[in-house]
Amino acid sequence: MRGRGEVGGAPVVVRTRDELAAVRADVRGRLALVPTMGALHGGHRSLIRYARERADMVAVSIFVNPLQFGPGEDFDRYPRTLDEDLAVCAAEGADLVFAPSGSVMYPSRPQVTIAAGPMGEVVEGAARPGHFDGMLTVVMKLFQLVRPDVAVFGEKDAQQLAMIRRMVLDLNVPVEVLGAPTVREPDGLALSSRNRYLSEEERVTALFLSRALRAGEDAVPEGPAAVVRAARDVLDGAVAAEPPLALDYLVLVDPSTFCEIGDAHSGPAVLAVAGRVGATHLIDNLPLRFPSKES
Ligand code: PAF
């Protein structure tokens, strides 16, 4: 494998568990894993860079996990762009890419899976039943196969990150979980593999999501209820736009439980929003902090 700090060469690409085990045995030092479903964009690039700064070796997994897609969701049409993804991994200095097939990850239909628990049933979990069970199951399998010391996930999927942290805590998984900041287009749109589905007009409607979050952020000094009101006012425009946003949720939640917070809340919070523009499901969020009433 490449030595530390060499960027731009080709990473070792493995497709099977045996190949992965052989390469893993050669890893020296701290190994970081960046789990992805491919269709890599600038957000993934920043995750790989974030991982490189915090570990000796970086592995990227690329696997579109069928278990986390519900009926009628976009599993079949989810973009699969392995050649471009490998070029991104090389350019960002990843050392290892694990790109298993469906039958390598799931040789038979799994009977034992991870149950996400109460946090898996609220917010995004309420909009996508079963999604977090499937996501946690594949992340746990990746942890078992790759055996990373540290794993890096995007804060863009804030509830996913909170659930993975909770799984690692509850099941004593020996992995340090790190969240890396959301990357945005200059006009505020959060980078997502699903953005490529958007037509020009749909993208204009999608921009209301980040605009609503910024409006909510501006209202922080007035307290939680004002934050939600300010964001909702902006989203009303999106619901009335052409094409319209079909709003799934707008919530202000505790970052570690994803339970909604009350107006007396102080400390950290996450303002999270999701909806569909055309057939495309989009999510976004902003971490906020409410000053304590005494200060
Ligand atoms: O965030 C994603 O791309 C996926 O949910 C993950 C963590 C790779 C699991 O399939």
# chains A, B, ... in the order shown; residues from 1 in each chain; ligands from 1
$ residues_around --residues "Val253 in chain A" --least-positions-apart "2" --cutoff "6 Å" --atoms "only C-alpha atoms" --output "MDAnalysis selection string"
chainID A and resid 258:261 269:270
$ residues_near_ligand --ligand "ligand 1" --cutoff "9 Å" --atoms "only C-alpha atoms and all ligand atoms" --output "VMD selection string"
chain A and resid 34 to 38 61 to 68 131 to 132 134 to 139 142 153 to 154 156 to 157 160 to 161 164 193
$ residues_around --residues "Val146 in chain A" --least-positions-apart "6" --cutoff "12 Å" --atoms "only C-alpha atoms" --output "ChimeraX atom specification"
/A:14,16-25,27,31-35,57-61,96-100,138-140,175
$ closest_residue --among "A:Met163, A:Leu178, A:Val173, A:Arg28" --to "Ile48 in chain A" --atoms "only C-alpha atoms"
A:Leu178
$ select_by_dssp --residues "range 37-117 of chain A" --states "strand (DSSP E or B)" --output "PyMOL selection string"
chain A and resi 57-62+96-98
$ residues_around --residues "Leu40 in chain A" --least-positions-apart "4" --cutoff "10 Å" --atoms "only C-alpha atoms" --output "number ranges by chain"
A: 36, 44-45, 62, 79-82, 84-89, 191-193
$ select_by_dssp --residues "range 22-238 of chain A" --states "alpha helix (DSSP H)" --output "PyMOL selection string"
chain A and resi 22-25+42-52+82-91+102-105+124-127+131-146+158-170+200-218+224-238
$ closest_residue --among "A:Asp263, A:Gly9, A:Arg54, A:Met119" --to "Arg166 in chain A" --atoms "only C-alpha atoms"
A:Met119
$ closest_residue --among "A:Ala180, A:Leu245, A:Ala225, A:Leu169" --to "Val204 in chain A" --atoms "only C-alpha atoms"
A:Leu245
$ closest_atom_pairs --of "range 92-189 of chain A" --to "range 277-285 of chain A" --cutoff "12 Å" --atoms "only C-alpha atoms" --output "tab-separated table"
residue	atom	partner	partner_atom	distance
A:Val123	CA	A:Ile283	CA	10.8
A:Glu124	CA	A:Ile283	CA	8.7
A:Ala127	CA	A:His281	CA	10.3
A:Arg128	CA	A:His281	CA	10.5
A:Gly154	CA	A:Asp284	CA	11.3
A:Glu155	CA	A:Asn285	CA	8.3
A:Lys156	CA	A:Asp284	CA	6.1
A:Asp157	CA	A:Asp284	CA	7.5
A:Ala158	CA	A:Asn285	CA	7.2
A:Gln159	CA	A:Asn285	CA	9.5
A:Gln160	CA	A:Ile283	CA	11.6
A:Pro181	CA	A:Asn285	CA	10.9
A:Thr182	CA	A:Asn285	CA	8.9
A:Val183	CA	A:Asp284	CA	10.9
A:Arg184	CA	A:Asp284	CA	10.4
A:Gly188	CA	A:Asp284	CA	10.5
A:Leu189	CA	A:Asp284	CA	8.7
$ write_last_selection --atoms "N, CA and C atoms" --output "PDB file, in the first residue's frame"
ATOM      1  N   VAL A 123     -38.613  11.506  12.918  1.00  0.00           N
ATOM      2  CA  VAL A 123     -38.069  12.414  11.909  1.00  0.00           C
ATOM      3  C   VAL A 123     -37.858  11.654  10.575  1.00  0.00           C
ATOM      4  N   GLU A 124     -36.604  11.473  10.136  1.00  0.00           N
ATOM      5  CA  GLU A 124     -36.360  10.778   8.863  1.00  0.00           C
ATOM      6  C   GLU A 124     -36.844   9.322   8.947  1.00  0.00           C
ATOM      7  N   ALA A 127     -40.464   9.138   8.158  1.00  0.00           N
ATOM      8  CA  ALA A 127     -40.720   9.307   6.720  1.00  0.00           C
ATOM      9  C   ALA A 127     -40.263   8.077   5.931  1.00  0.00           C
ATOM     10  N   ARG A 128     -39.267   7.332   6.466  1.00  0.00           N
ATOM     11  CA  ARG A 128     -38.705   6.180   5.733  1.00  0.00           C
ATOM     12  C   ARG A 128     -38.612   4.973   6.683  1.00  0.00           C
ATOM     13  N   GLY A 154     -20.766  12.173   7.177  1.00  0.00           N
ATOM     14  CA  GLY A 154     -21.115  13.576   6.973  1.00  0.00           C
ATOM     15  C   GLY A 154     -22.175  14.050   7.951  1.00  0.00           C
ATOM     16  N   GLU A 155     -22.007  15.289   8.427  1.00  0.00           N
ATOM     17  CA  GLU A 155     -23.033  15.892   9.295  1.00  0.00           C
ATOM     18  C   GLU A 155     -24.297  16.202   8.506  1.00  0.00           C
ATOM     19  N   LYS A 156     -24.227  16.169   7.186  1.00  0.00           N
ATOM     20  CA  LYS A 156     -25.419  16.375   6.353  1.00  0.00           C
ATOM     21  C   LYS A 156     -26.504  15.356   6.719  1.00  0.00           C
ATOM     22  N   ASP A 157     -26.084  14.110   7.018  1.00  0.00           N
ATOM     23  CA  ASP A 157     -27.025  13.086   7.483  1.00  0.00           C
ATOM     24  C   ASP A 157     -26.944  13.039   9.001  1.00  0.00           C
ATOM     25  N   ALA A 158     -27.471  14.092   9.640  1.00  0.00           N
ATOM     26  CA  ALA A 158     -27.245  14.267  11.080  1.00  0.00           C
ATOM     27  C   ALA A 158     -27.884  13.149  11.903  1.00  0.00           C
ATOM     28  N   GLN A 159     -29.055  12.701  11.485  1.00  0.00           N
ATOM     29  CA  GLN A 159     -29.716  11.643  12.275  1.00  0.00           C
ATOM     30  C   GLN A 159     -28.961  10.314  12.095  1.00  0.00           C
ATOM     31  N   GLN A 160     -28.500  10.061  10.878  1.00  0.00           N
ATOM     32  CA  GLN A 160     -27.684   8.862  10.635  1.00  0.00           C
ATOM     33  C   GLN A 160     -26.446   8.872  11.530  1.00  0.00           C
ATOM     34  N   PRO A 181     -18.162  18.389   8.547  1.00  0.00           N
ATOM     35  CA  PRO A 181     -19.169  19.401   8.185  1.00  0.00           C
ATOM     36  C   PRO A 181     -19.758  19.219   6.781  1.00  0.00           C
ATOM     37  N   THR A 182     -21.011  19.638   6.639  1.00  0.00           N
ATOM     38  CA  THR A 182     -21.713  19.599   5.346  1.00  0.00           C
ATOM     39  C   THR A 182     -21.031  20.542   4.348  1.00  0.00           C
ATOM     40  N   VAL A 183     -20.927  20.070   3.117  1.00  0.00           N
ATOM     41  CA  VAL A 183     -20.363  20.920   2.058  1.00  0.00           C
ATOM     42  C   VAL A 183     -21.521  21.433   1.199  1.00  0.00           C
ATOM     43  N   ARG A 184     -21.492  22.720   0.857  1.00  0.00           N
ATOM     44  CA  ARG A 184     -22.587  23.337   0.113  1.00  0.00           C
ATOM     45  C   ARG A 184     -22.098  23.960  -1.191  1.00  0.00           C
ATOM     46  N   GLY A 188     -25.832  27.627  -1.566  1.00  0.00           N
ATOM     47  CA  GLY A 188     -26.360  27.063  -0.319  1.00  0.00           C
ATOM     48  C   GLY A 188     -26.836  25.618  -0.427  1.00  0.00           C
ATOM     49  N   LEU A 189     -27.076  25.109  -1.645  1.00  0.00           N
ATOM     50  CA  LEU A 189     -27.582  23.736  -1.773  1.00  0.00           C
ATOM     51  C   LEU A 189     -26.562  22.746  -1.203  1.00  0.00           C
TER      52      LEU A 189
END
$ atom_distance --atom1 "CA of Ala272 in chain A" --atom2 "CA of Val251 in chain A"
5.4 Å
$ residues_around --residues "Glu200 in chain A" --least-positions-apart "5" --cutoff "12 Å" --atoms "only C-alpha atoms" --output "PyMOL selection string"
chain A and resi 195+205-207+242-243+277-278
$ residues_around --residues "His265 in chain A" --least-positions-apart "5" --cutoff "12 Å" --atoms "only C-alpha atoms" --output "ChimeraX atom specification"
/A:220,222-225,252-254,259-260,270,288-293
$ residues_around --residues "Asp233 in chain A" --least-positions-apart "6" --cutoff "12 Å" --atoms "only C-alpha atoms" --output "list in words"
Phe208, Leu209, Arg211, Ala212, Leu213, Arg214, Ala215, Gly216, Ala219, Ala226, Val227, Val239, Ala240 and Leu250 of chain A
$ write_last_selection --atoms "all heavy atoms" --output "short mmCIF file (atom, residue, chain, number, x, y, z; two decimals), in the first residue's frame"
data_model
loop_
_atom_site.label_atom_id
_atom_site.label_comp_id
_atom_site.auth_asym_id
_atom_site.auth_seq_id
_atom_site.Cartn_x
_atom_site.Cartn_y
_atom_site.Cartn_z
N PHE A 208 -34.88 26.27 -1.53
CA PHE A 208 -35.65 26.76 -0.39
C PHE A 208 -35.24 26.05 0.90
O PHE A 208 -35.39 26.59 1.99
CB PHE A 208 -37.15 26.54 -0.62
CG PHE A 208 -37.82 27.60 -1.45
CD1 PHE A 208 -37.95 27.47 -2.82
CD2 PHE A 208 -38.35 28.73 -0.84
CE1 PHE A 208 -38.60 28.44 -3.59
CE2 PHE A 208 -39.00 29.71 -1.59
CZ PHE A 208 -39.12 29.56 -2.98
N LEU A 209 -34.75 24.80 0.80
CA LEU A 209 -34.40 24.05 2.02
C LEU A 209 -33.29 24.78 2.79
O LEU A 209 -33.43 25.06 3.99
CB LEU A 209 -33.94 22.62 1.68
CG LEU A 209 -34.96 21.70 1.02
CD1 LEU A 209 -34.35 20.32 0.77
CD2 LEU A 209 -36.22 21.55 1.87
N ARG A 211 -32.28 27.78 2.37
CA ARG A 211 -32.71 29.15 2.70
C ARG A 211 -33.55 29.14 3.98
O ARG A 211 -33.42 30.01 4.84
CB ARG A 211 -33.51 29.72 1.53
CG ARG A 211 -33.12 31.13 1.22
CD ARG A 211 -33.91 31.65 0.04
NE ARG A 211 -33.45 31.13 -1.24
CZ ARG A 211 -34.24 30.95 -2.30
NH1 ARG A 211 -35.53 31.20 -2.25
NH2 ARG A 211 -33.73 30.50 -3.42
N ALA A 212 -34.39 28.14 4.13
CA ALA A 212 -35.23 28.03 5.34
C ALA A 212 -34.35 27.82 6.57
O ALA A 212 -34.59 28.42 7.63
CB ALA A 212 -36.21 26.88 5.17
N LEU A 213 -33.32 27.00 6.41
CA LEU A 213 -32.43 26.75 7.56
C LEU A 213 -31.70 28.03 7.97
O LEU A 213 -31.55 28.31 9.16
CB LEU A 213 -31.42 25.65 7.21
CG LEU A 213 -32.02 24.26 6.91
CD1 LEU A 213 -30.94 23.28 6.48
CD2 LEU A 213 -32.78 23.72 8.13
N ARG A 214 -31.26 28.79 6.99
CA ARG A 214 -30.56 30.06 7.30
C ARG A 214 -31.52 31.03 7.99
O ARG A 214 -31.13 31.74 8.93
CB ARG A 214 -30.00 30.71 6.04
CG ARG A 214 -28.85 29.95 5.42
CD ARG A 214 -27.60 30.00 6.29
NE ARG A 214 -26.59 29.08 5.79
CZ ARG A 214 -25.70 28.43 6.52
NH1 ARG A 214 -25.67 28.59 7.84
NH2 ARG A 214 -24.84 27.60 5.99
N ALA A 215 -32.77 31.09 7.51
CA ALA A 215 -33.75 31.98 8.16
C ALA A 215 -33.96 31.54 9.61
O ALA A 215 -34.05 32.37 10.52
CB ALA A 215 -35.07 31.95 7.39
N GLY A 216 -34.01 30.22 9.83
CA GLY A 216 -34.14 29.71 11.19
C GLY A 216 -32.95 30.11 12.04
O GLY A 216 -33.09 30.57 13.18
N ALA A 219 -32.99 33.50 13.46
CA ALA A 219 -33.98 33.73 14.53
C ALA A 219 -33.55 33.12 15.87
O ALA A 219 -34.31 33.19 16.83
CB ALA A 219 -35.33 33.17 14.09
N ALA A 226 -39.43 30.64 17.53
CA ALA A 226 -39.23 31.63 16.46
C ALA A 226 -38.39 31.03 15.32
O ALA A 226 -38.61 31.34 14.14
CB ALA A 226 -38.55 32.88 17.03
N VAL A 227 -37.45 30.17 15.68
CA VAL A 227 -36.61 29.51 14.66
C VAL A 227 -37.49 28.69 13.72
O VAL A 227 -37.39 28.77 12.49
CB VAL A 227 -35.54 28.62 15.35
CG1 VAL A 227 -34.91 27.65 14.36
CG2 VAL A 227 -34.47 29.50 16.00
N VAL A 239 -43.51 25.32 -0.94
CA VAL A 239 -44.69 24.47 -1.14
C VAL A 239 -45.57 25.06 -2.25
O VAL A 239 -46.21 24.33 -3.01
CB VAL A 239 -45.46 24.33 0.21
CG1 VAL A 239 -46.79 23.66 0.03
CG2 VAL A 239 -44.59 23.56 1.21
N ALA A 240 -45.52 26.41 -2.37
CA ALA A 240 -46.33 27.09 -3.39
C ALA A 240 -45.58 27.24 -4.71
O ALA A 240 -46.13 27.73 -5.70
CB ALA A 240 -46.74 28.47 -2.87
N LEU A 250 -40.23 19.51 9.09
CA LEU A 250 -39.32 20.57 9.54
C LEU A 250 -39.33 20.46 11.05
O LEU A 250 -40.39 20.62 11.68
CB LEU A 250 -39.83 21.95 9.12
CG LEU A 250 -39.10 23.12 9.80
CD1 LEU A 250 -37.67 23.26 9.29
CD2 LEU A 250 -39.86 24.43 9.60
#
